[in-house]
Each structure stands twice: as structure tokens, then as C-alpha cells.
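Enquirer: The structure follows.
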Amino acid sequence: MIHGRSNNGWVIWLSLLLALLLSVAPMPQSFGLARPLWLGMFIAYWAISLPHRGGMAAAFFFGLMLDVLSGTLLGQNGLPLLLIIFLVLSLQQRLRMFPLLQQSLVLLVILGIGQLVQLWLNTLTGNRPPTLLFLVPVPVSALFWPWVFVGLEWARRRFNVY
């Protein structure tokens, strides 16, 4: 049997669309500061599990979509997502071998670097937050990573995405 293109790519796009919606969904003011970096985590998962399917073009496209939905300058979310996916793809083989706790710690650093780039871009545009509470989503995302990984791994196996 000849294997052509991989099947069920719609699962990847649907999960990234879900992450995009979670990124802009309204939240209570008290929880808004600790919103996990859903798009970064979902893109990181697909880059770890299927590096040939989760690419930089998808990261930049969904970053632009997040810019449009959140009303920020075009590319302001795309650039940190590109950096995140670049770092994840460069560490992909190591990350696959790590247990979930160790993956969470590595993603803590990678997502932190992405947030610092986001802070730098906000500073350049004159929208710098007054405190470093801008980094609160990073440890929250690291805490959510095992559940995101398990959920997306279940969906990948259930729908036979390869």
C-alpha cells in the first residue's frame, strides 16, 4: 500500500482554531491576567508530535489571526509564536523523549522567552504594561501543559493523525 499525504489534517487545524478561540474568549477580570498561552501550547504540541505537520507558516498565520481578533498590530503575536515554534522544532527530538514534567519545564523557558519578546514588541509600540505581571501566563501555561499534551495526544491517536 502506498502512503500518500497524511490523513486527518483537519484535526490539527480544528485544535489550533480552538486554541485561538480560547485565547480571545472573555474571562473574568481577576482571571484575565493568568490566561494560559493556549496558541503557543497547541502549536508546540503539534511541533513536538508531528514536526512535519506543525510548521512555522501555521504559527505565523494563527498569530496574525490572533492579532486581528485582539486588535493588536499585525505581526505582534506572530513573531513570538514563530520564535516559540522555532525553539520547539530545534529541540523536538529531545522534547519527545522527556517526561511531561520535564517538558513543562522546558516549555516554561520557551514560552517565557516568547512572552519577553511580546513585552519587547509592546514596549516598541508604546503599550508596555506597568509591571512584570505580563509573565504570569507562562507558569500557568506550564502547569496546563500535561493536560494539553494528554488531550491532544488522545485526539491525535483517536483520529489517527500522522
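Ordered as shown in the C-alpha cells, chains take letters A, B, and onward, while each chain numbers its residues from 1 and ligands are numbered from 1 in the order shown.
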Need the shell around Leu143 of chain A: protein/DNA/RNA residues with any atom at most 10 Å away, counting only C-alpha atoms. Skip same-chain ones fewer than 5 positions apart. Format as a short mmCIF file (atom, residue, chain, number, x, y, z; two decimals) with C-alpha atoms, in the first residue's frame?

Expert:
```
data_model
loop_
_atom_site.label_atom_id
_atom_site.label_comp_id
_atom_site.auth_asym_id
_atom_site.auth_seq_id
_atom_site.Cartn_x
_atom_site.Cartn_y
_atom_site.Cartn_z
CA PRO A 36 -2.67 30.43 29.58
CA LEU A 101 7.18 17.30 33.91
CA SER A 104 6.70 21.51 31.17
CA LEU A 105 9.93 22.98 32.50
CA LEU A 108 8.27 27.27 30.75
CA PRO A 137 0.68 33.31 31.88
CA VAL A 138 4.00 31.48 31.46
CA VAL A 148 -2.99 19.86 26.95
#
```

Enquirer: Identify, with DSSP run on backbone atoms, the residues in segment 19-123 of chain A assigned to helix (DSSP H, G or I), and express the list as a short mmCIF file (atom, residue, chain, number, x, y, z; two decimals) with C-alpha atoms, in the first residue's frame.

Expert:
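Dumped everything to states-v7.cif:
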```cif
data_model
loop_
_atom_site.label_atom_id
_atom_site.label_comp_id
_atom_site.auth_asym_id
_atom_site.auth_seq_id
_atom_site.Cartn_x
_atom_site.Cartn_y
_atom_site.Cartn_z
CA ALA A 19 -6.71 27.42 20.84
CA LEU A 20 -7.32 30.69 19.01
CA LEU A 21 -10.83 30.91 20.41
CA LEU A 22 -9.60 30.09 23.92
CA SER A 23 -7.03 32.86 23.55
CA VAL A 24 -9.66 35.53 22.90
CA GLN A 29 -11.10 40.37 35.11
CA SER A 30 -9.43 38.55 38.02
CA PHE A 31 -8.51 35.58 35.80
CA GLY A 32 -7.66 37.55 32.66
CA TRP A 38 -3.19 28.40 24.52
CA LEU A 39 -1.98 29.03 21.00
CA GLY A 40 1.67 28.65 21.98
CA MET A 41 0.97 25.37 23.78
CA PHE A 42 -1.13 23.86 20.99
CA ILE A 43 1.39 24.83 18.31
CA ALA A 44 4.20 23.46 20.49
CA TYR A 45 2.36 20.15 20.86
CA TRP A 46 1.95 19.71 17.11
CA ALA A 47 5.58 20.66 16.54
CA ILE A 48 6.70 18.05 19.08
CA SER A 49 4.40 15.25 17.94
CA MET A 56 6.15 27.96 11.07
CA ALA A 57 3.63 29.07 8.46
CA ALA A 58 0.74 27.84 10.62
CA ALA A 59 2.22 29.57 13.67
CA PHE A 60 2.52 32.87 11.85
CA PHE A 61 -0.95 32.54 10.29
CA PHE A 62 -2.61 31.90 13.65
CA GLY A 63 -0.52 34.67 15.18
CA LEU A 64 -1.92 37.04 12.58
CA MET A 65 -5.43 35.78 13.29
CA LEU A 66 -4.85 36.45 16.99
CA ASP A 67 -3.68 39.97 16.09
CA VAL A 68 -6.86 40.57 14.13
CA LEU A 69 -9.13 39.19 16.87
CA SER A 70 -7.37 41.02 19.71
CA GLY A 78 3.02 36.19 15.09
CA LEU A 79 6.66 36.95 15.87
CA PRO A 80 6.65 35.41 19.38
CA LEU A 81 4.81 32.36 18.03
CA LEU A 82 7.43 32.00 15.30
CA LEU A 83 10.16 32.12 17.93
CA ILE A 84 8.32 29.55 20.07
CA ILE A 85 7.87 27.13 17.17
CA PHE A 86 11.49 27.62 16.07
CA LEU A 87 12.79 26.76 19.54
CA VAL A 88 10.43 23.79 19.89
CA LEU A 89 11.38 22.44 16.46
CA SER A 90 15.07 22.80 17.23
CA GLN A 92 11.90 18.50 19.12
CA GLN A 93 13.79 15.20 19.33
CA ARG A 94 14.87 15.87 22.90
CA LEU A 95 11.43 17.05 23.96
CA ARG A 96 9.82 13.85 22.67
CA MET A 97 11.99 11.79 25.00
CA LEU A 100 5.76 15.53 30.86
CA LEU A 101 7.18 17.30 33.91
CA GLN A 102 10.47 17.94 32.16
CA GLN A 103 8.64 19.05 29.01
CA SER A 104 6.70 21.51 31.17
CA LEU A 105 9.93 22.98 32.50
CA VAL A 106 11.44 23.36 29.03
CA LEU A 107 8.22 24.92 27.76
CA LEU A 108 8.27 27.27 30.75
CA VAL A 109 11.56 28.64 29.43
CA ILE A 110 10.47 28.68 25.77
CA LEU A 111 7.12 30.36 26.47
CA GLY A 112 8.89 32.78 28.82
CA ILE A 113 11.22 33.81 26.01
CA GLY A 114 8.17 34.27 23.78
CA GLN A 115 6.49 36.46 26.40
CA LEU A 116 9.63 38.56 26.79
CA VAL A 117 9.67 39.13 23.03
CA GLN A 118 5.99 40.06 23.28
CA LEU A 119 6.86 42.52 26.08
CA TRP A 120 9.62 43.99 23.92
CA LEU A 121 7.19 44.43 20.99
CA ASN A 122 4.64 46.04 23.30
CA THR A 123 7.31 48.43 24.53
#
```

Enquirer: Using Å and a single decimal, report how far atom CA of Val140 of chain A sits from atom CA of Leu33 of chain A.

Expert: 10.2 Å

Enquirer: Rounded to one decimal place, report the atom CA of Asn8 of chain A-atom CA of Arg156 of chain A distance in Å.

Expert: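 Separating atom CA of Asn8 of chain A from atom CA of Arg156 of chain A is a distance of 9.0 Å.
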
Enquirer: With distances taken over only C-alpha atoms, which of A:Thr125, A:Ala34, A:Pro28, A:Thr131 is nearest to Leu74 of chain A?

Expert: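 Ranked by minimum distance to Leu74 of chain A, first place goes to A:Thr125.
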
Enquirer: Just how far from atom CA of Leu37 of chain A is atom CA of Leu14 of chain A, in Å to one decimal?

Expert: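 Taking atom CA of Leu14 of chain A and atom CA of Leu37 of chain A, their separation equals 16.9 Å.
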